[in-house]
file work.txt (compact mmCIF, C-alpha atoms (C1' of nucleotides))
# COMPACT_ATOMS: atom_id res chain seq x y z
CA MET T 1 66.29 54.39 1.12
CA ASN T 2 66.45 54.73 -2.59
CA ASN T 3 67.87 57.16 -5.11
CA GLN T 4 64.64 59.11 -5.22
CA ILE T 5 64.64 60.00 -1.53
CA LEU T 6 65.55 63.63 -2.22
CA GLN T 7 62.74 63.87 -4.75
CA ASN T 8 60.56 66.87 -3.76
CA PHE T 9 62.95 67.76 -0.94
CA ASP T 10 63.84 71.47 -0.75
CA VAL T 11 67.61 71.09 -0.54
CA ASN T 12 68.33 74.80 -0.99
CA GLY T 13 65.92 75.87 1.73
CA PHE T 14 67.26 73.22 4.09
CA GLN T 15 70.84 74.37 3.48
CA LYS T 16 70.05 78.02 4.09
CA ASP T 17 68.02 77.57 7.27
CA LEU T 18 70.50 75.07 8.69
CA ILE T 19 73.53 77.26 8.02
CA ASP T 20 71.82 80.43 9.25
CA TRP T 21 70.95 78.67 12.49
CA TYR T 22 74.48 77.31 12.84
CA GLN T 23 76.12 80.69 12.30
CA THR T 24 74.16 82.30 15.11
CA ASN T 25 73.92 79.36 17.54
CA LYS T 26 77.20 77.48 17.25
CA ARG T 27 79.12 76.87 20.44
CA ASP T 28 82.43 78.61 20.98
CA LEU T 29 84.81 75.64 20.92
CA PRO T 30 88.64 75.73 20.91
CA TRP T 31 88.98 74.04 17.52
CA ARG T 32 86.59 76.59 16.01
CA GLN T 33 89.17 79.34 16.58
CA THR T 34 91.34 78.00 13.78
CA GLN T 35 91.34 76.52 10.31
CA ASP T 36 94.76 74.90 10.77
CA PRO T 37 94.31 71.44 9.21
CA TYR T 38 96.54 69.84 11.85
CA LYS T 39 94.51 71.25 14.75
CA ILE T 40 91.23 70.34 13.05
CA TRP T 41 92.65 66.86 12.56
CA VAL T 42 93.62 66.48 16.22
CA SER T 43 90.18 67.66 17.34
CA GLU T 44 88.38 65.25 15.02
CA ILE T 45 90.40 62.28 16.26
CA MET T 46 89.76 63.19 19.89
CA LEU T 47 86.05 63.70 19.22
CA GLN T 48 85.60 60.17 17.85
CA GLN T 49 83.12 58.49 20.19
CA THR T 50 83.93 61.12 22.81
CA GLN T 51 81.83 63.99 24.13
CA VAL T 52 82.79 67.60 23.48
CA ASP T 53 83.11 68.54 27.15
CA THR T 54 85.50 65.65 27.72
CA VAL T 55 87.67 66.59 24.76
CA ILE T 56 88.13 70.32 25.45
CA PRO T 57 90.84 70.13 28.15
CA TYR T 58 92.67 67.30 26.36
CA PHE T 59 92.69 69.32 23.13
CA GLU T 60 94.05 72.42 24.88
CA HIS T 61 96.86 70.53 26.59
CA PHE T 62 97.71 68.49 23.51
CA ILE T 63 97.96 71.50 21.19
CA ALA T 64 99.94 73.45 23.78
CA LYS T 65 102.47 70.62 23.94
CA TYR T 66 102.39 69.71 20.23
CA PRO T 67 101.51 72.93 18.33
CA THR T 68 102.62 71.61 14.92
CA VAL T 69 102.94 68.34 13.06
CA TYR T 70 106.69 68.52 13.66
CA ASP T 71 106.31 68.68 17.43
CA LEU T 72 104.07 65.62 17.42
CA ALA T 73 106.18 63.76 14.87
CA HIS T 74 109.32 64.18 16.97
CA ALA T 75 107.68 63.28 20.29
CA ASP T 76 108.16 60.06 22.25
CA GLN T 77 105.16 57.75 21.91
CA GLN T 78 105.03 57.25 25.68
CA ASP T 79 104.67 61.01 26.16
CA VAL T 80 101.89 61.12 23.57
CA LEU T 81 100.07 58.29 25.35
CA LYS T 82 100.53 60.18 28.62
CA MET T 83 98.75 63.16 27.06
CA TRP T 84 95.98 60.78 25.96
CA GLU T 85 95.73 59.13 29.41
CA GLY T 86 92.08 58.80 30.43
CA LEU T 87 90.68 59.68 27.03
CA GLY T 88 90.37 56.07 25.88
CA TYR T 89 90.69 54.37 22.51
CA TYR T 90 94.46 54.72 22.70
CA SER T 91 95.06 53.45 19.18
CA ARG T 92 93.79 56.87 18.13
CA ALA T 93 96.88 58.45 19.68
CA ARG T 94 99.28 55.90 18.21
CA ASN T 95 97.72 56.14 14.77
CA LEU T 96 97.63 59.93 14.88
CA GLN T 97 101.32 60.19 15.63
CA SER T 98 102.13 57.57 13.01
CA ALA T 99 100.09 59.47 10.42
CA VAL T 100 101.63 62.82 11.38
CA ARG T 101 105.06 61.32 10.89
CA GLU T 102 103.99 60.25 7.42
CA VAL T 103 102.79 63.79 6.70
CA VAL T 104 106.20 65.12 7.75
CA ASN T 105 108.11 62.51 5.78
CA SER T 106 106.01 62.25 2.62
CA TYR T 107 104.07 65.53 2.37
CA ASP T 108 106.63 68.08 3.57
CA GLY T 109 104.63 68.64 6.73
CA ASN T 110 101.44 69.65 4.91
CA VAL T 111 98.24 67.77 5.75
CA PRO T 112 97.05 66.44 2.36
CA ASP T 113 94.02 68.17 0.80
CA ASP T 114 93.61 65.27 -1.61
CA PRO T 115 90.85 62.86 -0.49
CA LYS T 116 92.78 59.76 -1.48
CA ALA T 117 96.04 60.80 0.17
CA LEU T 118 94.27 62.03 3.31
CA GLY T 119 92.13 58.92 3.61
CA SER T 120 95.12 56.64 3.38
CA LEU T 121 96.61 58.05 6.59
CA LYS T 122 96.37 55.82 9.66
CA GLY T 123 93.30 56.52 11.73
CA VAL T 124 91.70 58.76 9.10
CA GLY T 125 88.48 57.05 8.06
CA PRO T 126 85.59 58.29 5.92
CA TYR T 127 84.21 60.64 8.58
CA THR T 128 87.49 62.24 9.65
CA LYS T 129 88.58 62.61 6.05
CA GLY T 130 85.41 64.48 5.16
CA ALA T 131 85.58 66.61 8.30
CA ILE T 132 89.13 67.77 7.60
CA LEU T 133 88.44 68.40 3.91
CA SER T 134 85.29 70.39 4.56
CA ILE T 135 86.32 72.29 7.71
CA ALA T 136 89.97 73.01 6.97
CA TYR T 137 89.92 73.05 3.16
CA ASP T 138 86.33 74.10 2.33
CA GLN T 139 85.74 71.08 0.12
CA PRO T 140 82.16 69.81 -0.35
CA GLN T 141 82.82 66.35 1.10
CA PRO T 142 80.44 64.40 3.35
CA ALA T 143 81.35 63.93 7.01
CA VAL T 144 78.81 61.43 8.26
CA ASP T 145 78.92 60.62 11.96
CA GLY T 146 76.29 59.46 14.41
CA ASN T 147 74.72 62.93 14.58
CA VAL T 148 74.37 63.18 10.81
CA MET T 149 72.77 59.76 10.53
CA ARG T 150 70.33 60.50 13.35
CA VAL T 151 69.37 63.91 11.96
CA LEU T 152 68.99 62.73 8.39
CA ALA T 153 67.12 59.58 9.37
CA ARG T 154 64.56 61.87 11.00
CA VAL T 155 64.55 64.56 8.35
CA LEU T 156 64.08 61.99 5.60
CA ASN T 157 61.89 59.69 7.72
CA ALA T 158 64.22 56.78 6.90
CA ASP T 159 63.90 53.63 9.02
CA ASP T 160 67.14 51.98 7.94
CA ASP T 161 69.26 50.49 10.76
CA ILE T 162 72.02 53.06 11.28
CA ALA T 163 74.14 50.44 13.04
CA GLN T 164 74.74 48.80 9.66
CA PRO T 165 77.97 50.00 7.97
CA ASN T 166 76.25 49.85 4.61
CA VAL T 167 73.67 52.44 5.72
CA LYS T 168 76.39 54.93 6.56
CA LYS T 169 77.57 54.74 2.95
CA GLN T 170 74.07 55.51 1.75
CA PHE T 171 73.95 58.59 3.95
CA GLU T 172 77.31 59.72 2.56
CA HIS T 173 75.82 59.49 -0.90
CA ILE T 174 72.83 61.52 0.19
CA VAL T 175 75.00 64.20 1.80
CA ARG T 176 76.93 64.57 -1.45
CA ALA T 177 73.65 65.59 -3.02
CA MET T 178 72.63 67.85 -0.14
CA ILE T 179 75.83 69.60 0.89
CA ALA T 180 76.14 73.36 0.38
CA SER T 181 79.02 73.84 -2.02
CA ASP T 182 79.52 77.48 -0.98
CA ASP T 183 79.92 76.63 2.70
CA PRO T 184 80.42 72.89 3.20
CA SER T 185 82.11 73.51 6.56
CA SER T 186 79.03 75.17 8.07
CA PHE T 187 76.76 72.60 6.45
CA ASN T 188 78.58 69.61 7.94
CA GLN T 189 79.16 71.22 11.31
CA GLY T 190 75.62 72.58 11.27
CA ILE T 191 74.07 69.12 11.05
CA MET T 192 76.34 67.85 13.81
CA GLU T 193 75.63 70.88 15.99
CA LEU T 194 71.91 70.40 15.39
CA GLY T 195 72.26 66.76 16.44
CA ALA T 196 74.13 67.77 19.58
CA LEU T 197 71.86 70.63 20.68
CA ILE T 198 68.38 70.10 19.19
CA CYS T 199 67.96 66.80 17.37
CA THR T 200 69.23 64.82 20.35
CA PRO T 201 68.97 61.02 20.67
CA LYS T 202 66.21 61.24 23.26
CA GLU T 203 63.48 63.86 23.47
CA PRO T 204 64.49 65.94 20.45
CA MET T 205 63.44 69.58 20.78
CA CYS T 206 61.52 69.76 17.54
CA LEU T 207 59.70 72.94 18.56
CA PHE T 208 63.01 74.81 18.47
CA CYS T 209 64.32 73.12 15.33
CA PRO T 210 65.40 75.45 12.52
CA VAL T 211 64.61 72.81 9.88
CA GLN T 212 61.38 71.49 11.34
CA ALA T 213 59.53 72.59 8.19
CA TYR T 214 61.63 70.18 6.13
CA CYS T 215 61.48 67.25 8.54
CA ARG T 216 59.46 64.33 7.23
CA GLY T 217 60.00 62.38 10.44
CA PHE T 218 58.39 65.18 12.45
CA GLN T 219 55.57 65.53 9.97
CA ALA T 220 54.92 61.79 10.26
CA GLY T 221 55.17 61.91 14.07
CA ASN T 222 58.11 59.51 13.98
CA GLU T 223 60.78 61.71 15.57
CA GLN T 224 60.84 59.64 18.77
CA GLN T 225 61.06 56.33 16.91
CA LEU T 226 63.89 57.36 14.64
CA PRO T 227 66.58 56.52 14.02
CA VAL T 228 66.31 52.73 14.05
CA LYS T 229 69.44 51.29 15.63
CA SER T 230 70.07 47.64 16.48
CA LYS T 231 71.48 46.97 19.94
CA ALA T 232 75.02 45.95 20.73
CA LYS T 233 75.41 42.63 22.47
CA LYS T 234 76.45 42.76 26.10
CA GLN T 235 80.00 42.52 27.39
CA LYS T 236 81.77 39.36 28.50
CA GLU T 237 83.15 39.24 32.04
CA VAL T 238 86.79 38.36 32.71
CA HIS T 239 88.38 37.87 36.13
CA TYR T 240 91.88 39.01 37.06
CA THR T 241 93.88 39.30 40.22
CA VAL T 242 95.98 42.46 40.25
CA LEU T 243 99.22 42.19 42.20
CA LEU T 244 100.57 45.26 43.94
CA ILE T 245 104.10 43.98 44.41
CA ARG T 246 106.40 46.02 46.63
CA ASN T 247 110.08 45.33 47.10
CA ALA T 248 112.52 46.28 49.88
CA ASP T 249 113.12 49.70 48.30
CA GLY T 250 109.42 50.51 48.50
CA LYS T 251 109.14 50.36 44.73
CA TYR T 252 106.32 48.67 42.83
CA LEU T 253 106.46 46.36 39.85
CA ILE T 254 104.67 47.64 36.75
CA GLU T 255 104.60 46.30 33.21
CA LYS T 256 104.07 47.64 29.73
CA ARG T 257 101.19 46.00 27.86
CA PRO T 258 101.75 44.45 24.42
CA ASP T 259 102.04 46.80 21.45
CA ASN T 260 98.81 45.47 19.96
CA GLY T 261 95.25 45.06 21.15
CA LEU T 262 93.55 46.35 24.26
CA LEU T 263 95.32 49.30 25.96
CA ALA T 264 98.37 48.71 23.78
CA ASN T 265 101.64 50.10 25.15
CA MET T 266 99.95 51.40 28.27
CA TRP T 267 101.32 50.45 31.70
CA GLN T 268 99.66 48.47 34.47
CA PHE T 269 100.25 46.48 37.62
CA PRO T 270 100.69 42.77 36.84
CA MET T 271 97.43 40.94 36.31
CA VAL T 272 96.90 37.20 36.78
CA PRO T 273 94.09 35.69 34.70
CA VAL T 274 92.51 33.71 37.54
CA ASP T 275 89.97 32.04 35.27
CA GLU T 276 92.86 30.12 33.71
CA ILE T 277 95.40 29.92 36.54
CA GLY T 278 93.45 29.40 39.73
CA LYS T 279 94.18 30.94 43.10
CA ASP T 280 96.32 28.14 44.49
CA HIS T 281 98.86 28.24 41.66
CA MET T 282 99.04 32.02 41.42
CA ALA T 283 102.41 32.65 43.12
CA ALA T 284 104.11 29.78 41.32
CA TRP T 285 102.62 30.77 37.98
CA PHE T 286 103.71 34.36 38.50
CA GLU T 287 107.32 33.53 39.34
CA LEU T 288 107.52 31.28 36.28
CA GLU T 289 105.93 33.87 34.00
CA TYR T 290 107.62 37.02 35.33
CA GLY T 291 110.86 35.70 36.83
CA VAL T 292 110.07 37.52 40.05
CA PRO T 293 109.43 35.62 43.32
CA VAL T 294 106.39 36.88 45.23
CA THR T 295 104.81 36.39 48.62
CA LEU T 296 101.11 37.03 48.38
CA GLY T 297 99.42 39.13 51.04
CA ALA T 298 95.86 40.07 51.82
CA VAL T 299 93.09 41.02 49.43
CA GLN T 300 92.81 44.82 49.43
CA GLY T 301 89.55 45.13 47.56
CA GLN T 302 87.49 44.40 44.47
CA LEU T 303 87.14 46.59 41.40
CA LYS T 304 84.97 46.48 38.31
CA HIS T 305 85.98 48.15 35.09
CA VAL T 306 83.68 48.24 32.07
CA PHE T 307 84.96 48.47 28.50
CA SER T 308 82.90 48.57 25.33
CA HIS T 309 83.01 44.82 24.87
CA ILE T 310 84.58 43.44 28.09
CA ILE T 311 84.02 43.71 31.83
CA TRP T 312 87.05 43.28 34.05
CA GLN T 313 86.36 41.94 37.53
CA LEU T 314 89.50 42.70 39.49
CA ALA T 315 90.69 41.46 42.87
CA ILE T 316 93.46 43.59 44.34
CA ILE T 317 96.14 41.74 46.29
CA ALA T 318 99.14 43.14 48.14
CA ALA T 319 102.37 41.24 47.62
CA GLU T 320 106.06 41.46 48.41
CA THR T 321 109.18 40.43 46.58
CA THR T 322 112.87 40.14 47.30
CA ALA T 323 113.71 41.22 43.76
CA SER T 324 114.99 44.73 43.09
CA GLN T 325 114.85 44.64 39.33
CA SER T 326 113.41 42.63 36.46
CA ALA T 327 115.18 41.05 33.53
CA ASP T 328 112.22 41.71 31.25
CA GLY T 329 112.44 45.08 29.47
CA ARG T 330 108.68 45.58 29.63
CA GLN T 331 108.76 45.31 33.42
CA ARG T 332 110.08 47.88 35.86
CA PHE T 333 110.27 48.63 39.57
CA VAL T 334 109.32 52.27 40.12
CA SER T 335 108.83 54.57 43.07
CA LEU T 336 105.48 56.17 43.79
CA GLU T 337 106.65 59.48 42.33
CA GLU T 338 107.86 57.82 39.15
CA LEU T 339 104.43 56.26 38.59
CA ASP T 340 103.20 59.67 37.46
CA ASP T 341 105.47 59.59 34.41
CA TYR T 342 103.87 56.47 32.96
CA PRO T 343 100.65 56.33 30.94
CA PHE T 344 98.10 54.31 32.91
CA PRO T 345 94.60 53.44 31.69
CA VAL T 346 91.78 54.41 34.04
CA SER T 347 91.38 50.75 35.03
CA HIS T 348 94.75 50.98 36.76
CA GLN T 349 94.46 54.53 37.98
CA LYS T 350 91.78 52.97 40.19
CA MET T 351 94.54 51.00 41.94
CA MET T 352 96.31 54.07 43.28
CA PRO T 353 94.29 54.32 46.52
CA TYR T 354 95.47 50.81 47.41
CA ILE T 355 99.18 51.55 47.20
CA THR T 356 99.50 54.54 49.48
CA SER T 357 100.86 52.43 52.31
C1' DG H 1 79.32 41.97 8.70
C1' DA H 2 80.60 41.51 13.13
C1' DG H 3 84.12 42.06 16.63
C1' DT H 4 87.68 44.95 18.70
C1' DC H 5 88.98 49.17 20.64
C1' DG H 6 87.79 53.29 26.53
C1' DT H 7 85.68 56.33 29.17
C1' DG H 8 82.34 59.24 31.35
C1' DG H 9 77.91 61.66 30.97
C1' DA H 10 72.93 61.54 31.04
C1' DG H 11 68.41 59.79 31.88
C1' DT G 1 72.09 50.07 38.90
C1' DC G 2 71.14 49.83 34.12
C1' DT G 3 71.03 51.43 29.46
C1' DC G 4 72.27 54.13 25.88
C1' DC G 5 75.49 56.57 23.76
C1' DA G 6 79.38 60.51 22.14
C1' DA G 7 82.31 64.57 15.85
C1' DG G 8 84.54 56.15 14.29
C1' DA G 9 88.42 53.26 12.52
C1' DC G 10 90.36 48.93 11.80
C1' DT G 11 90.30 43.98 11.09

call {"tool": "encode", "arguments": {"input": "work.txt", "output": "C-alpha cells"}}
result
Amino acid sequence: MNNQILQNFDVNGFQKDLIDWYQTNKRDLPWRQTQDPYKIWVSEIMLQQTQVDTVIPYFEHFIAKYPTVYDLAHADQQDVLKMWEGLGYYSRARNLQSAVREVVNSYDGNVPDDPKALGSLKGVGPYTKGAILSIAYDQPQPAVDGNVMRVLARVLNADDDIAQPNVKKQFEHIVRAMIASDDPSSFNQGIMELGALICTPKEPMCLFCPVQAYCRGFQAGNEQQLPVKSKAKKQKEVHYTVLLIRNADGKYLIEKRPDNGLLANMWQFPMVPVDEIGKDHMAAWFELEYGVPVTLGAVQGQLKHVFSHIIWQLAIIAAETTASQSADGRQRFVSLEELDDYPFPVSHQKMMPYITS
DNA sequence: GAGTCGTGGAG
DNA sequence: TCTCCAAGACT
C-alpha cells in the first residue's frame, strides 16, 4: 500500500453509492435513534469485539439505568460491572465510567468534540474516537475497525496483513482521503454496515454489493482471499480447583478478584492453582492463604472455560468450613439470594448448578 | 510488535 | 469439536 493507491479510484462515485445503499438498507438499531454523544459512546464501547445482537439488550438496560453521564459518573462501580456481567472485556466498563467521571469533572458533563481531548479519555482509542466524532458530531474523521479494513482491503485489492497495527494506521490515512465530508457519519457507518451485511468475512455477497463496480479485489477475483490476516497463536491451558465452601449458615465463600488484570474486580468462588499447589496440600494451602479452615468434599464436576488467550480447566469441589466470616475484606460469606447482587464472570456463573444443594 | 483482556455466534 | 471472528484498547 502506497500513497498512490487512490490513483484512478472514483472516490466520489464510491461515496455516493455507498451512502445511498446505507440510507435505504441500514438496520434499525437502538443507538441509531439518537445523536446523543454519550449514548453513541456507550454503544461504541459495547460494540468493541462484540456482535450487534449481543449488545442490543445490554445497551437498552444500561441506558435505561444510566441515561446521562451524571447517572453513570455517580454510580457504584460494582453496579456498573453488574450491568456489564456476561458481556466480557470488563475493563471497558471500568474505563468507561472512569472517563465519564472525567467528562463530568473536567468538561462540565459535555463529551469533548475535540479529537485530542476525546482521544485522551480512558478506553477511547483511535476507532472509538473517530466513531463518536463522525456519528455524534458530524466530523470527517476515520473510524477504522475490522469491517473497514476488510472492506477496503478488498475494494483496493490490498494484501497487507490487517493483523499488523501499522496497517490499521495506513487505512486511517486512506479513509481521510476517501471520507465524505458532507456526511461522514453515513460514510463510516456505511462501510461497517456493508462489512456486516454484504462484505462478510466468509462468502461475501459480491453480487448484491452496491460498490462492486469500484472493487478491485472483485475485479481481480481475489475477494475470497482478502483480507490477509495472520493467525493468533493458541491459548495456554491452566488448571484450577474451584472450592464451593459452605458454612453452617448455608452461606458460601466468594472473593473479589484483584483490581487489575483478568476479570478485575469481578467476584468468584475461591480457586486453587493446582498446577502450583498440588492436590495433597490444597486444604492446608487454602487455610494458610485465606485464613479459613476447610474440609474438602467430593468432586462435583469438571468445567472448561475459554478466554481469548487462556483456557481454564476447572475441577469443582464441594467443601465445608466452620468459619462464619472472613477477616479479608475481599472475601465474603453470602447466601444464595445475595449471590445475585454480585458481578460474576460467565466462568463462575457456570458454577451455579453445583451449589443448589 | 506482541501479549493481555471475554464471550457467544456461525460455519 | 474446531476455527474464526465481532463497531479495539492498553501495555

call {"tool": "closest_residue", "arguments": {"input": "work.txt", "among": "T:Ser308, T:Asn105, T:Ser43, T:Gln235", "to": "chain H", "atoms": "all atoms listed in the file"}}
result
T:Ser308

call {"tool": "residues_around", "arguments": {"input": "work.txt", "residues": "segment 313-328 of chain T", "least_positions_apart": "4", "cutoff": "7 Å", "atoms": "all atoms listed in the file", "output": "ChimeraX atom specification"}}
result
/T:237-248,292-305,332-333

call {"tool": "write_last_selection", "arguments": {"input": "work.txt", "atoms": "C-alpha atoms", "output": "PDB file, in the coordinates of the input"}}
result
ATOM      1  CA  GLU T 237      83.150  39.240  32.040  1.00  0.00           C
ATOM      2  CA  VAL T 238      86.790  38.360  32.710  1.00  0.00           C
ATOM      3  CA  HIS T 239      88.380  37.870  36.130  1.00  0.00           C
ATOM      4  CA  TYR T 240      91.880  39.010  37.060  1.00  0.00           C
ATOM      5  CA  THR T 241      93.880  39.300  40.220  1.00  0.00           C
ATOM      6  CA  VAL T 242      95.980  42.460  40.250  1.00  0.00           C
ATOM      7  CA  LEU T 243      99.220  42.190  42.200  1.00  0.00           C
ATOM      8  CA  LEU T 244     100.570  45.260  43.940  1.00  0.00           C
ATOM      9  CA  ILE T 245     104.100  43.980  44.410  1.00  0.00           C
ATOM     10  CA  ARG T 246     106.400  46.020  46.630  1.00  0.00           C
ATOM     11  CA  ASN T 247     110.080  45.330  47.100  1.00  0.00           C
ATOM     12  CA  ALA T 248     112.520  46.280  49.880  1.00  0.00           C
ATOM     13  CA  VAL T 292     110.070  37.520  40.050  1.00  0.00           C
ATOM     14  CA  PRO T 293     109.430  35.620  43.320  1.00  0.00           C
ATOM     15  CA  VAL T 294     106.390  36.880  45.230  1.00  0.00           C
ATOM     16  CA  THR T 295     104.810  36.390  48.620  1.00  0.00           C
ATOM     17  CA  LEU T 296     101.110  37.030  48.380  1.00  0.00           C
ATOM     18  CA  GLY T 297      99.420  39.130  51.040  1.00  0.00           C
ATOM     19  CA  ALA T 298      95.860  40.070  51.820  1.00  0.00           C
ATOM     20  CA  VAL T 299      93.090  41.020  49.430  1.00  0.00           C
ATOM     21  CA  GLN T 300      92.810  44.820  49.430  1.00  0.00           C
ATOM     22  CA  GLY T 301      89.550  45.130  47.560  1.00  0.00           C
ATOM     23  CA  GLN T 302      87.490  44.400  44.470  1.00  0.00           C
ATOM     24  CA  LEU T 303      87.140  46.590  41.400  1.00  0.00           C
ATOM     25  CA  LYS T 304      84.970  46.480  38.310  1.00  0.00           C
ATOM     26  CA  HIS T 305      85.980  48.150  35.090  1.00  0.00           C
ATOM     27  CA  ARG T 332     110.080  47.880  35.860  1.00  0.00           C
ATOM     28  CA  PHE T 333     110.270  48.630  39.570  1.00  0.00           C
TER      29      PHE T 333
END

call {"tool": "residues_around", "arguments": {"input": "work.txt", "residues": "DG9 of chain H", "least_positions_apart": "3", "cutoff": "12 Å", "atoms": "all atoms listed in the file", "output": "JSON, numbers by chain"}}
result
{"T": [50, 51, 52, 53, 54], "G": [4, 5, 6]}

call {"tool": "closest_atom_pairs", "arguments": {"input": "work.txt", "of": "chain T", "to": "chain H", "cutoff": "12 Å", "atoms": "all atoms listed in the file", "output": "Markdown table"}}
result
| residue | atom | partner | partner_atom | distance |
| --- | --- | --- | --- | --- |
| T:Gln48 | CA | H:DG6 | C1' | 11.3 |
| T:Gln49 | CA | H:DG6 | C1' | 9.4 |
| T:Thr50 | CA | H:DT7 | C1' | 8.2 |
| T:Gln51 | CA | H:DG9 | C1' | 8.2 |
| T:Val52 | CA | H:DG9 | C1' | 10.7 |
| T:Asp53 | CA | H:DG9 | C1' | 9.4 |
| T:Thr54 | CA | H:DG8 | C1' | 8.0 |
| T:Val55 | CA | H:DG8 | C1' | 11.2 |
| T:Trp84 | CA | H:DG6 | C1' | 11.1 |
| T:Glu85 | CA | H:DG6 | C1' | 10.3 |
| T:Gly86 | CA | H:DT7 | C1' | 7.0 |
| T:Leu87 | CA | H:DT7 | C1' | 6.4 |
| T:Gly88 | CA | H:DG6 | C1' | 3.8 |
| T:Tyr89 | CA | H:DG6 | C1' | 5.1 |
| T:Tyr90 | CA | H:DG6 | C1' | 7.8 |
| T:Ser91 | CA | H:DC5 | C1' | 7.6 |
| T:Arg92 | CA | H:DC5 | C1' | 9.4 |
| T:Ala163 | CA | H:DG1 | C1' | 10.8 |
| T:Gln164 | CA | H:DG1 | C1' | 8.3 |
| T:Pro165 | CA | H:DG1 | C1' | 8.2 |
| T:Asn166 | CA | H:DG1 | C1' | 9.4 |
| T:Thr200 | CA | H:DA10 | C1' | 11.8 |
| T:Pro201 | CA | H:DA10 | C1' | 11.1 |
| T:Lys202 | CA | H:DG11 | C1' | 9.0 |
| T:Glu203 | CA | H:DG11 | C1' | 10.6 |
| T:Ala232 | CA | H:DA2 | C1' | 10.4 |
| T:Lys233 | CA | H:DG3 | C1' | 10.5 |
| T:Gln235 | CA | H:DG3 | C1' | 11.5 |
| T:Asn260 | CA | H:DC5 | C1' | 10.5 |
| T:Gly261 | CA | H:DC5 | C1' | 7.5 |
| T:Leu262 | CA | H:DC5 | C1' | 6.5 |
| T:Leu263 | CA | H:DC5 | C1' | 8.3 |
| T:Ala264 | CA | H:DC5 | C1' | 9.9 |
| T:His305 | CA | H:DT7 | C1' | 10.1 |
| T:Val306 | CA | H:DG6 | C1' | 8.5 |
| T:Phe307 | CA | H:DG6 | C1' | 5.9 |
| T:Ser308 | CA | H:DG6 | C1' | 6.9 |
| T:His309 | CA | H:DT4 | C1' | 7.7 |
| T:Ile310 | CA | H:DT4 | C1' | 10.0 |
| T:Ile311 | CA | H:DG6 | C1' | 11.6 |
| T:Pro345 | CA | H:DG6 | C1' | 8.5 |
| T:Val346 | CA | H:DT7 | C1' | 8.0 |
| T:Ser347 | CA | H:DG6 | C1' | 9.6 |

call {"tool": "residues_around", "arguments": {"input": "work.txt", "residues": "Thr128 of chain T", "least_positions_apart": "3", "cutoff": "8 Å", "atoms": "only C-alpha atoms (C1' of nucleotides)", "output": "mmCIF file with C-alpha atoms, keeping the file's coordinate frame"}}
result
data_model
loop_
_atom_site.group_PDB
_atom_site.id
_atom_site.type_symbol
_atom_site.label_atom_id
_atom_site.label_comp_id
_atom_site.auth_asym_id
_atom_site.auth_seq_id
_atom_site.Cartn_x
_atom_site.Cartn_y
_atom_site.Cartn_z
ATOM 1 C CA TRP T 41 92.650 66.860 12.560
ATOM 2 C CA GLU T 44 88.380 65.250 15.020
ATOM 3 C CA ILE T 45 90.400 62.280 16.260
ATOM 4 C CA VAL T 124 91.700 58.760 9.100
ATOM 5 C CA GLY T 125 88.480 57.050 8.060
ATOM 6 C CA ALA T 131 85.580 66.610 8.300
ATOM 7 C CA ILE T 132 89.130 67.770 7.600
ATOM 8 C CA ALA T 143 81.350 63.930 7.010
#

call {"tool": "atom_distance", "arguments": {"input": "work.txt", "atom1": "atom C1' of DA9 of chain G", "atom2": "atom CA of Gly123 of chain T"}}
result
5.9 Å

call {"tool": "residues_around", "arguments": {"input": "work.txt", "residues": "Gln170 of chain T", "least_positions_apart": "3", "cutoff": "12 Å", "atoms": "all atoms listed in the file", "output": "ChimeraX atom specification"}}
result
/T:1-3,5,142,144,148-149,152-153,158,160-162,164-167,173-177
